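> Contents are CSV, N, CA and C atoms; file name protein_7.csv:
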chain,number,residue,atom,x,y,z
Y,1,VAL,N,-236.1,125.2,75.2
Y,1,VAL,CA,-236.6,125.8,74.0
Y,1,VAL,C,-236.9,124.7,73.0
Y,2,GLN,N,-238.0,124.8,72.4
Y,2,GLN,CA,-238.4,123.9,71.3
Y,2,GLN,C,-238.2,124.5,70.0
Y,3,LEU,N,-237.8,123.8,69.0
Y,3,LEU,CA,-237.6,124.3,67.7
Y,3,LEU,C,-238.4,123.6,66.6
Y,4,GLN,N,-238.9,124.3,65.7
Y,4,GLN,CA,-239.7,123.7,64.6
Y,4,GLN,C,-239.2,124.2,63.3
Y,5,ALA,N,-238.6,123.3,62.5
Y,5,ALA,CA,-238.0,123.7,61.2
Y,5,ALA,C,-239.1,123.3,60.1
Y,6,SER,N,-239.1,124.2,59.1
Y,6,SER,CA,-240.0,124.0,58.0
Y,6,SER,C,-239.5,124.6,56.7
Y,7,GLY,N,-240.1,124.3,55.6
Y,7,GLY,CA,-239.7,125.0,54.4
Y,7,GLY,C,-239.0,124.1,53.4
Y,8,GLY,N,-238.7,122.8,53.8
Y,8,GLY,CA,-238.1,121.9,52.9
Y,8,GLY,C,-239.0,121.5,51.7
Y,9,GLY,N,-238.4,120.9,50.7
Y,9,GLY,CA,-239.2,120.4,49.6
Y,9,GLY,C,-238.3,120.0,48.5
Y,10,LEU,N,-238.9,119.8,47.3
Y,10,LEU,CA,-238.2,119.4,46.1
Y,10,LEU,C,-238.0,120.6,45.2
Y,11,VAL,N,-236.8,120.8,44.7
Y,11,VAL,CA,-236.4,121.9,43.9
Y,11,VAL,C,-235.4,121.4,42.8
Y,12,GLN,N,-235.4,122.1,41.7
Y,12,GLN,CA,-234.4,121.7,40.7
Y,12,GLN,C,-233.1,122.5,41.0
Y,13,ALA,N,-232.1,121.9,40.5
Y,13,ALA,CA,-230.7,122.5,40.6
Y,13,ALA,C,-230.8,123.9,40.1
Y,14,GLY,N,-230.2,124.8,40.8
Y,14,GLY,CA,-230.2,126.2,40.5
Y,14,GLY,C,-231.3,127.0,41.1
Y,15,GLY,N,-232.3,126.3,41.7
Y,15,GLY,CA,-233.4,126.9,42.3
Y,15,GLY,C,-233.1,127.4,43.7
Y,16,SER,N,-234.2,127.9,44.4
Y,16,SER,CA,-234.1,128.4,45.7
Y,16,SER,C,-235.1,127.9,46.7
Y,17,LEU,N,-234.8,127.9,47.9
Y,17,LEU,CA,-235.7,127.5,49.0
Y,17,LEU,C,-235.4,128.4,50.2
Y,18,ARG,N,-236.4,128.6,51.0
Y,18,ARG,CA,-236.1,129.3,52.3
Y,18,ARG,C,-236.6,128.4,53.5
Y,19,LEU,N,-235.7,128.1,54.3
Y,19,LEU,CA,-236.1,127.3,55.5
Y,19,LEU,C,-236.4,128.2,56.7
Y,20,THR,N,-237.3,127.8,57.5
Y,20,THR,CA,-237.7,128.6,58.7
Y,20,THR,C,-237.5,127.8,59.9
Y,21,CYS,N,-237.0,128.3,61.0
Y,21,CYS,CA,-236.9,127.7,62.3
Y,21,CYS,C,-237.5,128.5,63.3
Y,22,ALA,N,-238.7,128.1,63.8
Y,22,ALA,CA,-239.4,128.8,64.9
Y,22,ALA,C,-239.0,128.3,66.2
Y,23,ALA,N,-238.6,129.1,67.1
Y,23,ALA,CA,-238.2,128.7,68.5
Y,23,ALA,C,-239.3,129.2,69.5
Y,24,SER,N,-239.5,128.4,70.5
Y,24,SER,CA,-240.5,128.7,71.5
Y,24,SER,C,-240.1,129.7,72.5
Y,25,GLY,N,-238.8,130.1,72.4
Y,25,GLY,CA,-238.3,131.1,73.3
Y,25,GLY,C,-237.0,131.8,72.8
Y,26,ARG,N,-236.5,132.6,73.6
Y,26,ARG,CA,-235.3,133.4,73.1
Y,26,ARG,C,-234.1,132.5,73.1
Y,27,THR,N,-233.3,132.7,72.1
Y,27,THR,CA,-232.1,131.9,71.9
Y,27,THR,C,-230.9,132.8,71.6
Y,28,PHE,N,-229.7,132.4,71.9
Y,28,PHE,CA,-228.5,133.3,71.5
Y,28,PHE,C,-228.1,133.0,70.1
Y,29,ALA,N,-227.6,131.8,69.9
Y,29,ALA,CA,-227.2,131.4,68.5
Y,29,ALA,C,-228.2,130.4,67.9
Y,30,MET,N,-228.5,130.6,66.7
Y,30,MET,CA,-229.3,129.6,66.0
Y,30,MET,C,-228.5,129.1,64.8
Y,31,GLY,N,-228.3,127.8,64.7
Y,31,GLY,CA,-227.5,127.2,63.7
Y,31,GLY,C,-228.3,126.3,62.8
Y,32,TRP,N,-227.7,126.0,61.7
Y,32,TRP,CA,-228.3,125.1,60.7
Y,32,TRP,C,-227.2,124.0,60.4
Y,33,PHE,N,-227.7,122.8,60.4
Y,33,PHE,CA,-226.9,121.6,60.1
Y,33,PHE,C,-227.6,120.8,59.1
Y,34,ARG,N,-226.9,119.9,58.4
Y,34,ARG,CA,-227.6,119.0,57.5
Y,34,ARG,C,-226.9,117.7,57.5
Y,35,GLN,N,-227.8,116.7,57.1
Y,35,GLN,CA,-227.3,115.3,57.0
Y,35,GLN,C,-227.8,114.7,55.8
Y,36,ALA,N,-226.8,114.4,54.9
Y,36,ALA,CA,-227.2,113.7,53.6
Y,36,ALA,C,-227.2,112.2,53.9
Y,37,PRO,N,-227.9,111.4,53.1
Y,37,PRO,CA,-228.0,109.9,53.2
Y,37,PRO,C,-226.6,109.3,53.3
Y,38,GLY,N,-226.3,108.5,54.3
Y,38,GLY,CA,-225.1,107.9,54.4
Y,38,GLY,C,-223.9,108.7,54.9
Y,39,LYS,N,-224.2,110.0,55.2
Y,39,LYS,CA,-223.1,110.9,55.6
Y,39,LYS,C,-223.4,111.4,57.0
Y,40,GLU,N,-222.3,111.9,57.6
Y,40,GLU,CA,-222.5,112.5,59.0
Y,40,GLU,C,-223.1,113.9,58.9
Y,41,ARG,N,-223.7,114.3,60.0
Y,41,ARG,CA,-224.3,115.6,60.1
Y,41,ARG,C,-223.1,116.7,59.9
Y,42,GLU,N,-223.4,117.7,59.2
Y,42,GLU,CA,-222.4,118.7,59.0
Y,42,GLU,C,-223.0,120.1,59.2
Y,43,PHE,N,-222.1,121.0,59.6
Y,43,PHE,CA,-222.5,122.4,59.8
Y,43,PHE,C,-222.8,123.1,58.5
Y,44,VAL,N,-223.8,124.0,58.5
Y,44,VAL,CA,-224.1,124.8,57.4
Y,44,VAL,C,-223.9,126.3,57.6
Y,45,ALA,N,-224.6,126.8,58.7
Y,45,ALA,CA,-224.5,128.2,59.0
Y,45,ALA,C,-225.0,128.4,60.4
Y,46,THR,N,-224.7,129.6,60.9
Y,46,THR,CA,-225.2,130.0,62.2
Y,46,THR,C,-225.3,131.5,62.3
Y,47,VAL,N,-226.2,132.0,63.1
Y,47,VAL,CA,-226.4,133.4,63.3
Y,47,VAL,C,-226.6,133.7,64.8
Y,48,SER,N,-225.9,134.8,65.2
Y,48,SER,CA,-226.0,135.2,66.6
Y,48,SER,C,-227.2,136.1,66.9
Y,49,TRP,N,-227.4,136.4,68.1
Y,49,TRP,CA,-228.5,137.3,68.5
Y,49,TRP,C,-228.4,138.6,67.8
Y,50,SER,N,-227.2,139.1,67.7
Y,50,SER,CA,-226.9,140.4,67.0
Y,50,SER,C,-226.9,140.4,65.5
Y,51,GLY,N,-227.0,139.2,65.0
Y,51,GLY,CA,-227.1,139.0,63.5
Y,51,GLY,C,-225.8,138.6,62.9
Y,52,GLY,N,-224.7,138.4,63.6
Y,52,GLY,CA,-223.5,137.9,63.1
Y,52,GLY,C,-223.6,136.5,62.5
Y,53,THR,N,-223.0,136.3,61.4
Y,53,THR,CA,-223.2,135.0,60.7
Y,53,THR,C,-221.9,134.3,60.5
Y,54,TYR,N,-222.0,133.0,60.3
Y,54,TYR,CA,-220.8,132.2,59.9
Y,54,TYR,C,-221.3,131.1,59.1
Y,55,TYR,N,-220.6,130.8,58.0
Y,55,TYR,CA,-221.0,129.8,57.0
Y,55,TYR,C,-219.9,128.7,56.8
Y,56,ALA,N,-220.4,127.6,56.4
Y,56,ALA,CA,-219.5,126.5,55.9
Y,56,ALA,C,-219.0,127.0,54.5
Y,57,ASP,N,-217.8,126.6,54.1
Y,57,ASP,CA,-217.3,127.0,52.8
Y,57,ASP,C,-218.2,126.5,51.7
Y,58,SER,N,-218.8,125.4,51.9
Y,58,SER,CA,-219.5,124.8,50.8
Y,58,SER,C,-220.8,125.6,50.4
Y,59,VAL,N,-221.3,126.4,51.3
Y,59,VAL,CA,-222.5,127.2,51.0
Y,59,VAL,C,-222.3,128.7,51.0
Y,60,LYS,N,-221.1,129.1,51.3
Y,60,LYS,CA,-220.7,130.5,51.3
Y,60,LYS,C,-221.0,131.2,50.0
Y,61,GLY,N,-221.7,132.3,50.0
Y,61,GLY,CA,-222.1,133.0,48.8
Y,61,GLY,C,-223.4,132.5,48.1
Y,62,ARG,N,-223.9,131.4,48.6
Y,62,ARG,CA,-225.2,130.8,48.1
Y,62,ARG,C,-226.3,130.9,49.1
Y,63,PHE,N,-225.9,130.6,50.4
Y,63,PHE,CA,-226.9,130.6,51.5
Y,63,PHE,C,-226.8,131.8,52.3
Y,64,THR,N,-227.9,132.3,52.9
Y,64,THR,CA,-227.9,133.4,53.8
Y,64,THR,C,-228.7,133.1,55.0
Y,65,CYS,N,-228.1,133.2,56.1
Y,65,CYS,CA,-228.7,132.9,57.4
Y,65,CYS,C,-229.1,134.2,58.1
Y,66,SER,N,-230.4,134.3,58.6
Y,66,SER,CA,-230.8,135.5,59.2
Y,66,SER,C,-231.8,135.2,60.3
Y,67,ARG,N,-232.2,136.2,61.1
Y,67,ARG,CA,-233.2,135.9,62.2
Y,67,ARG,C,-234.0,137.1,62.4
Y,68,ASP,N,-235.2,136.8,63.0
Y,68,ASP,CA,-236.1,137.9,63.5
Y,68,ASP,C,-236.3,137.7,65.0
Y,69,ASN,N,-235.6,138.4,65.8
Y,69,ASN,CA,-235.6,138.2,67.2
Y,69,ASN,C,-237.0,138.4,67.8
Y,70,ALA,N,-237.8,139.3,67.2
Y,70,ALA,CA,-239.1,139.6,67.8
Y,70,ALA,C,-240.0,138.4,67.6
Y,71,LYS,N,-239.7,137.5,66.6
Y,71,LYS,CA,-240.5,136.3,66.3
Y,71,LYS,C,-239.8,135.1,66.8
Y,72,ASN,N,-238.6,135.2,67.4
Y,72,ASN,CA,-237.8,134.0,67.8
Y,72,ASN,C,-237.7,133.0,66.6
Y,73,THR,N,-237.4,133.6,65.5
Y,73,THR,CA,-237.4,132.8,64.2
Y,73,THR,C,-236.1,133.0,63.5
Y,74,ALA,N,-235.5,131.9,62.9
Y,74,ALA,CA,-234.3,132.0,62.1
Y,74,ALA,C,-234.7,131.5,60.7
Y,75,TYR,N,-233.9,132.0,59.7
Y,75,TYR,CA,-234.2,131.7,58.3
Y,75,TYR,C,-232.9,131.2,57.7
Y,76,LEU,N,-233.0,130.3,56.7
Y,76,LEU,CA,-231.9,130.0,55.9
Y,76,LEU,C,-232.4,130.1,54.4
Y,77,GLN,N,-231.9,131.1,53.8
Y,77,GLN,CA,-232.3,131.3,52.4
Y,77,GLN,C,-231.2,130.6,51.5
Y,78,MET,N,-231.7,129.7,50.7
Y,78,MET,CA,-230.7,128.9,50.0
Y,78,MET,C,-231.0,129.1,48.5
Y,79,ASN,N,-229.9,129.7,47.8
Y,79,ASN,CA,-230.0,130.0,46.4
Y,79,ASN,C,-229.0,129.2,45.7
Y,80,SER,N,-229.2,129.1,44.3
Y,80,SER,CA,-228.2,128.3,43.5
Y,80,SER,C,-228.0,126.9,44.0
Y,81,LEU,N,-229.1,126.3,44.4
Y,81,LEU,CA,-229.0,125.0,45.0
Y,81,LEU,C,-228.4,124.0,44.0
Y,82,LYS,N,-227.6,123.0,44.6
Y,82,LYS,CA,-226.9,122.0,43.9
Y,82,LYS,C,-227.5,120.6,44.4
Y,83,VAL,N,-227.3,119.6,43.5
Y,83,VAL,CA,-227.7,118.3,43.9
Y,83,VAL,C,-227.1,117.9,45.2
Y,84,GLU,N,-225.9,118.2,45.4
Y,84,GLU,CA,-225.2,117.9,46.6
Y,84,GLU,C,-225.7,118.6,47.9
Y,85,ASP,N,-226.6,119.5,47.7
Y,85,ASP,CA,-227.2,120.1,48.9
Y,85,ASP,C,-228.4,119.3,49.4
Y,86,THR,N,-228.7,118.2,48.7
Y,86,THR,CA,-229.8,117.3,49.2
Y,86,THR,C,-229.4,116.8,50.6
Y,87,ALA,N,-230.3,117.0,51.5
Y,87,ALA,CA,-230.1,116.5,52.9
Y,87,ALA,C,-231.3,116.8,53.7
Y,88,VAL,N,-231.3,116.3,54.9
Y,88,VAL,CA,-232.2,116.7,56.0
Y,88,VAL,C,-231.6,117.9,56.7
Y,89,TYR,N,-232.2,119.0,56.8
Y,89,TYR,CA,-231.7,120.2,57.4
Y,89,TYR,C,-232.3,120.3,58.8
Y,90,TYR,N,-231.4,120.6,59.7
Y,90,TYR,CA,-231.8,120.7,61.1
Y,90,TYR,C,-231.5,122.1,61.6
Y,91,CYS,N,-232.3,122.7,62.4
Y,91,CYS,CA,-232.0,123.9,63.1
Y,91,CYS,C,-231.7,123.6,64.5
Y,92,ALA,N,-230.8,124.4,65.1
Y,92,ALA,CA,-230.4,124.2,66.5
Y,92,ALA,C,-230.2,125.5,67.2
Y,93,ALA,N,-230.3,125.4,68.5
Y,93,ALA,CA,-230.2,126.6,69.3
Y,93,ALA,C,-229.1,126.4,70.4
Y,94,GLY,N,-228.2,127.4,70.6
Y,94,GLY,CA,-227.2,127.2,71.6
Y,94,GLY,C,-226.7,128.5,72.1
Y,95,SER,N,-225.7,128.4,73.0
Y,95,SER,CA,-225.2,129.6,73.7
Y,95,SER,C,-224.0,130.2,73.1
Y,96,ALA,N,-223.5,129.6,72.0
Y,96,ALA,CA,-222.3,130.2,71.4
Y,96,ALA,C,-222.4,130.0,69.9
Y,97,VAL,N,-221.8,130.9,69.2
Y,97,VAL,CA,-221.8,130.9,67.7
Y,97,VAL,C,-220.6,129.9,67.3
Y,98,THR,N,-221.0,128.8,66.9
Y,98,THR,CA,-220.0,127.7,66.7
Y,98,THR,C,-220.4,126.8,65.5
Y,99,ALA,N,-219.5,126.2,64.9
Y,99,ALA,CA,-219.8,125.3,63.8
Y,99,ALA,C,-219.8,123.8,64.4
Y,100,THR,N,-219.6,123.7,65.6
Y,100,THR,CA,-219.6,122.4,66.3
Y,100,THR,C,-221.0,122.0,66.8
Y,101,SER,N,-221.5,120.9,66.5
Y,101,SER,CA,-222.8,120.5,66.9
Y,101,SER,C,-222.9,120.4,68.4
Y,102,ARG,N,-221.9,120.1,69.1
Y,102,ARG,CA,-221.9,120.0,70.5
Y,102,ARG,C,-222.2,121.4,71.2
Y,103,GLY,N,-222.0,122.5,70.4
Y,103,GLY,CA,-222.3,123.8,71.0
Y,103,GLY,C,-223.8,124.1,71.0
Y,104,TYR,N,-224.6,123.2,70.5
Y,104,TYR,CA,-226.1,123.5,70.5
Y,104,TYR,C,-226.8,122.5,71.3
Y,105,SER,N,-227.7,122.9,72.2
Y,105,SER,CA,-228.3,122.1,73.2
Y,105,SER,C,-229.7,121.7,72.8
Y,106,ASN,N,-230.3,122.4,71.8
Y,106,ASN,CA,-231.7,122.2,71.4
Y,106,ASN,C,-231.7,122.0,69.9
Y,107,TRP,N,-232.5,121.0,69.5
Y,107,TRP,CA,-232.5,120.7,68.1
Y,107,TRP,C,-234.0,120.5,67.6
Y,108,GLY,N,-234.2,121.0,66.4
Y,108,GLY,CA,-235.5,120.8,65.7
Y,108,GLY,C,-235.5,119.4,65.1
Y,109,GLN,N,-236.7,119.1,64.5
Y,109,GLN,CA,-236.9,117.7,64.0
Y,109,GLN,C,-236.3,117.5,62.6
Y,110,GLY,N,-235.9,118.5,61.9
Y,110,GLY,CA,-235.4,118.4,60.5
Y,110,GLY,C,-236.4,118.6,59.4
Y,111,THR,N,-236.0,119.1,58.3
Y,111,THR,CA,-236.8,119.2,57.2
Y,111,THR,C,-236.0,118.8,55.9
Y,112,LEU,N,-236.6,118.0,55.1
Y,112,LEU,CA,-235.9,117.4,53.9
Y,112,LEU,C,-235.9,118.4,52.8
Y,113,VAL,N,-234.7,118.5,52.2
Y,113,VAL,CA,-234.5,119.3,51.0
Y,113,VAL,C,-233.9,118.4,50.0
Y,114,THR,N,-234.6,118.3,48.8
Y,114,THR,CA,-234.2,117.4,47.7
Y,114,THR,C,-234.0,118.3,46.5
Y,115,VAL,N,-232.7,118.2,46.0
Y,115,VAL,CA,-232.4,119.0,44.8
Y,115,VAL,C,-232.2,118.1,43.6
Y,116,SER,N,-233.0,118.2,42.6
Y,116,SER,CA,-232.9,117.3,41.5
Y,116,SER,C,-232.1,117.9,40.3
Y,117,SER,N,-231.5,117.1,39.5
Y,117,SER,CA,-230.7,117.6,38.4
Y,117,SER,C,-231.5,117.9,37.2
For this file, produce the structure as structure tokens.


Amino acid sequence: VQLQASGGGLVQAGGSLRLTCAASGRTFAMGWFRQAPGKEREFVATVSWSGGTYYADSVKGRFTCSRDNAKNTAYLQMNSLKVEDTAVYYCAAGSAVTATSRGYSNWGQGTLVTVSS
């Protein structure tokens, strides 16, 4: 399965962005991770085929992960963005709903989100 992430950009703090991850085929779990400059990649959110979601504490209440199975597409709606949300965001597909990157076998190329103060 190939993944294509899009929707990143420059936004002011407090603003919103929606990321999209288009998959070339059916996936069970679709996750979002991010990597800020000089930091390790970290888990953001994940959504199962049935729509169950799990979020990192740092984004809970601000980000919403969803998917459209008919389109093999996942979304990450990001609201109330903070400067510390600045990172390259990656989508990933895997066979389990997990916050561990090793649980995902397919990764997209990443899309940059920059939040200015």

> Report as a CSV table (one decimal) with N, CA and C atoms, in the frame of the given file: the residues of chain Y with a DSSP assignment of strand (DSSP E or B), based on the backbone of this structure.


chain,number,residue,atom,x,y,z
Y,3,LEU,N,-237.8,123.8,69.0
Y,3,LEU,CA,-237.6,124.3,67.7
Y,3,LEU,C,-238.4,123.6,66.6
Y,4,GLN,N,-238.9,124.3,65.7
Y,4,GLN,CA,-239.7,123.7,64.6
Y,4,GLN,C,-239.2,124.2,63.3
Y,5,ALA,N,-238.6,123.3,62.5
Y,5,ALA,CA,-238.0,123.7,61.2
Y,5,ALA,C,-239.1,123.3,60.1
Y,6,SER,N,-239.1,124.2,59.1
Y,6,SER,CA,-240.0,124.0,58.0
Y,6,SER,C,-239.5,124.6,56.7
Y,9,GLY,N,-238.4,120.9,50.7
Y,9,GLY,CA,-239.2,120.4,49.6
Y,9,GLY,C,-238.3,120.0,48.5
Y,10,LEU,N,-238.9,119.8,47.3
Y,10,LEU,CA,-238.2,119.4,46.1
Y,10,LEU,C,-238.0,120.6,45.2
Y,11,VAL,N,-236.8,120.8,44.7
Y,11,VAL,CA,-236.4,121.9,43.9
Y,11,VAL,C,-235.4,121.4,42.8
Y,12,GLN,N,-235.4,122.1,41.7
Y,12,GLN,CA,-234.4,121.7,40.7
Y,12,GLN,C,-233.1,122.5,41.0
Y,17,LEU,N,-234.8,127.9,47.9
Y,17,LEU,CA,-235.7,127.5,49.0
Y,17,LEU,C,-235.4,128.4,50.2
Y,18,ARG,N,-236.4,128.6,51.0
Y,18,ARG,CA,-236.1,129.3,52.3
Y,18,ARG,C,-236.6,128.4,53.5
Y,19,LEU,N,-235.7,128.1,54.3
Y,19,LEU,CA,-236.1,127.3,55.5
Y,19,LEU,C,-236.4,128.2,56.7
Y,20,THR,N,-237.3,127.8,57.5
Y,20,THR,CA,-237.7,128.6,58.7
Y,20,THR,C,-237.5,127.8,59.9
Y,21,CYS,N,-237.0,128.3,61.0
Y,21,CYS,CA,-236.9,127.7,62.3
Y,21,CYS,C,-237.5,128.5,63.3
Y,22,ALA,N,-238.7,128.1,63.8
Y,22,ALA,CA,-239.4,128.8,64.9
Y,22,ALA,C,-239.0,128.3,66.2
Y,23,ALA,N,-238.6,129.1,67.1
Y,23,ALA,CA,-238.2,128.7,68.5
Y,23,ALA,C,-239.3,129.2,69.5
Y,29,ALA,N,-227.6,131.8,69.9
Y,29,ALA,CA,-227.2,131.4,68.5
Y,29,ALA,C,-228.2,130.4,67.9
Y,30,MET,N,-228.5,130.6,66.7
Y,30,MET,CA,-229.3,129.6,66.0
Y,30,MET,C,-228.5,129.1,64.8
Y,31,GLY,N,-228.3,127.8,64.7
Y,31,GLY,CA,-227.5,127.2,63.7
Y,31,GLY,C,-228.3,126.3,62.8
Y,32,TRP,N,-227.7,126.0,61.7
Y,32,TRP,CA,-228.3,125.1,60.7
Y,32,TRP,C,-227.2,124.0,60.4
Y,33,PHE,N,-227.7,122.8,60.4
Y,33,PHE,CA,-226.9,121.6,60.1
Y,33,PHE,C,-227.6,120.8,59.1
Y,34,ARG,N,-226.9,119.9,58.4
Y,34,ARG,CA,-227.6,119.0,57.5
Y,34,ARG,C,-226.9,117.7,57.5
Y,35,GLN,N,-227.8,116.7,57.1
Y,35,GLN,CA,-227.3,115.3,57.0
Y,35,GLN,C,-227.8,114.7,55.8
Y,42,GLU,N,-223.4,117.7,59.2
Y,42,GLU,CA,-222.4,118.7,59.0
Y,42,GLU,C,-223.0,120.1,59.2
Y,43,PHE,N,-222.1,121.0,59.6
Y,43,PHE,CA,-222.5,122.4,59.8
Y,43,PHE,C,-222.8,123.1,58.5
Y,44,VAL,N,-223.8,124.0,58.5
Y,44,VAL,CA,-224.1,124.8,57.4
Y,44,VAL,C,-223.9,126.3,57.6
Y,45,ALA,N,-224.6,126.8,58.7
Y,45,ALA,CA,-224.5,128.2,59.0
Y,45,ALA,C,-225.0,128.4,60.4
Y,46,THR,N,-224.7,129.6,60.9
Y,46,THR,CA,-225.2,130.0,62.2
Y,46,THR,C,-225.3,131.5,62.3
Y,47,VAL,N,-226.2,132.0,63.1
Y,47,VAL,CA,-226.4,133.4,63.3
Y,47,VAL,C,-226.6,133.7,64.8
Y,53,THR,N,-223.0,136.3,61.4
Y,53,THR,CA,-223.2,135.0,60.7
Y,53,THR,C,-221.9,134.3,60.5
Y,54,TYR,N,-222.0,133.0,60.3
Y,54,TYR,CA,-220.8,132.2,59.9
Y,54,TYR,C,-221.3,131.1,59.1
Y,55,TYR,N,-220.6,130.8,58.0
Y,55,TYR,CA,-221.0,129.8,57.0
Y,55,TYR,C,-219.9,128.7,56.8
Y,63,PHE,N,-225.9,130.6,50.4
Y,63,PHE,CA,-226.9,130.6,51.5
Y,63,PHE,C,-226.8,131.8,52.3
Y,64,THR,N,-227.9,132.3,52.9
Y,64,THR,CA,-227.9,133.4,53.8
Y,64,THR,C,-228.7,133.1,55.0
Y,65,CYS,N,-228.1,133.2,56.1
Y,65,CYS,CA,-228.7,132.9,57.4
Y,65,CYS,C,-229.1,134.2,58.1
Y,66,SER,N,-230.4,134.3,58.6
Y,66,SER,CA,-230.8,135.5,59.2
Y,66,SER,C,-231.8,135.2,60.3
Y,67,ARG,N,-232.2,136.2,61.1
Y,67,ARG,CA,-233.2,135.9,62.2
Y,67,ARG,C,-234.0,137.1,62.4
Y,68,ASP,N,-235.2,136.8,63.0
Y,68,ASP,CA,-236.1,137.9,63.5
Y,68,ASP,C,-236.3,137.7,65.0
Y,73,THR,N,-237.4,133.6,65.5
Y,73,THR,CA,-237.4,132.8,64.2
Y,73,THR,C,-236.1,133.0,63.5
Y,74,ALA,N,-235.5,131.9,62.9
Y,74,ALA,CA,-234.3,132.0,62.1
Y,74,ALA,C,-234.7,131.5,60.7
Y,75,TYR,N,-233.9,132.0,59.7
Y,75,TYR,CA,-234.2,131.7,58.3
Y,75,TYR,C,-232.9,131.2,57.7
Y,76,LEU,N,-233.0,130.3,56.7
Y,76,LEU,CA,-231.9,130.0,55.9
Y,76,LEU,C,-232.4,130.1,54.4
Y,77,GLN,N,-231.9,131.1,53.8
Y,77,GLN,CA,-232.3,131.3,52.4
Y,77,GLN,C,-231.2,130.6,51.5
Y,78,MET,N,-231.7,129.7,50.7
Y,78,MET,CA,-230.7,128.9,50.0
Y,78,MET,C,-231.0,129.1,48.5
Y,87,ALA,N,-230.3,117.0,51.5
Y,87,ALA,CA,-230.1,116.5,52.9
Y,87,ALA,C,-231.3,116.8,53.7
Y,88,VAL,N,-231.3,116.3,54.9
Y,88,VAL,CA,-232.2,116.7,56.0
Y,88,VAL,C,-231.6,117.9,56.7
Y,89,TYR,N,-232.2,119.0,56.8
Y,89,TYR,CA,-231.7,120.2,57.4
Y,89,TYR,C,-232.3,120.3,58.8
Y,90,TYR,N,-231.4,120.6,59.7
Y,90,TYR,CA,-231.8,120.7,61.1
Y,90,TYR,C,-231.5,122.1,61.6
Y,91,CYS,N,-232.3,122.7,62.4
Y,91,CYS,CA,-232.0,123.9,63.1
Y,91,CYS,C,-231.7,123.6,64.5
Y,92,ALA,N,-230.8,124.4,65.1
Y,92,ALA,CA,-230.4,124.2,66.5
Y,92,ALA,C,-230.2,125.5,67.2
Y,93,ALA,N,-230.3,125.4,68.5
Y,93,ALA,CA,-230.2,126.6,69.3
Y,93,ALA,C,-229.1,126.4,70.4
Y,94,GLY,N,-228.2,127.4,70.6
Y,94,GLY,CA,-227.2,127.2,71.6
Y,94,GLY,C,-226.7,128.5,72.1
Y,104,TYR,N,-224.6,123.2,70.5
Y,104,TYR,CA,-226.1,123.5,70.5
Y,104,TYR,C,-226.8,122.5,71.3
Y,105,SER,N,-227.7,122.9,72.2
Y,105,SER,CA,-228.3,122.1,73.2
Y,105,SER,C,-229.7,121.7,72.8
Y,106,ASN,N,-230.3,122.4,71.8
Y,106,ASN,CA,-231.7,122.2,71.4
Y,106,ASN,C,-231.7,122.0,69.9
Y,107,TRP,N,-232.5,121.0,69.5
Y,107,TRP,CA,-232.5,120.7,68.1
Y,107,TRP,C,-234.0,120.5,67.6
Y,111,THR,N,-236.0,119.1,58.3
Y,111,THR,CA,-236.8,119.2,57.2
Y,111,THR,C,-236.0,118.8,55.9
Y,112,LEU,N,-236.6,118.0,55.1
Y,112,LEU,CA,-235.9,117.4,53.9
Y,112,LEU,C,-235.9,118.4,52.8
Y,113,VAL,N,-234.7,118.5,52.2
Y,113,VAL,CA,-234.5,119.3,51.0
Y,113,VAL,C,-233.9,118.4,50.0
Y,114,THR,N,-234.6,118.3,48.8
Y,114,THR,CA,-234.2,117.4,47.7
Y,114,THR,C,-234.0,118.3,46.5
Y,115,VAL,N,-232.7,118.2,46.0
Y,115,VAL,CA,-232.4,119.0,44.8
Y,115,VAL,C,-232.2,118.1,43.6
Y,116,SER,N,-233.0,118.2,42.6
Y,116,SER,CA,-232.9,117.3,41.5
Y,116,SER,C,-232.1,117.9,40.3

> Rank nothing, just name the residue among Y:Ala74, Y:Ala99, Y:Val115, Y:Leu19 nearest to Ala56 of chain Y, using all atoms listed in the file.

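The closest residue to Ala56 of chain Y is Y:Ala99.
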
> Would you kindly return, as a list in words, each protein, DNA or RNA residue with an atom no farther than 6 Å from any atom of Gln4 of chain Y, considering only N, CA and C atoms and excluding same-chain residues fewer than 6 positions away?

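Close residues of Gln4 of chain Y: Thr20, Cys21, Ala22, Ala23, Gly108 and Gln109 of chain Y.
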
> Give me, as a PyMOL selection string, all polymer residues having an atom no more than 8 Å from Ala13 of chain Y, counting only C-alpha atoms and skipping those fewer than 3 positions away in the same chain.

chain Y and resi 80-83+115-117

> Taking only C-alpha atoms into account, which of Y:Tyr75, Y:Ala93, Y:Arg34, Y:Thr86 comes nearest Ser105 of chain Y?

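Counting only C-alpha atoms, the residue closest to Ser105 of chain Y is Y:Ala93.
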
> Rank Y:Thr53, Y:Asn79, Y:Thr73, Y:Ser66 by their smallest atom-to-atom distance to Gly14 of chain Y, using only N, CA and C atoms, and report the top residue only.

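Ranking Y:Thr53, Y:Asn79, Y:Thr73, Y:Ser66 by distance to Gly14 of chain Y, first place goes to Y:Asn79.
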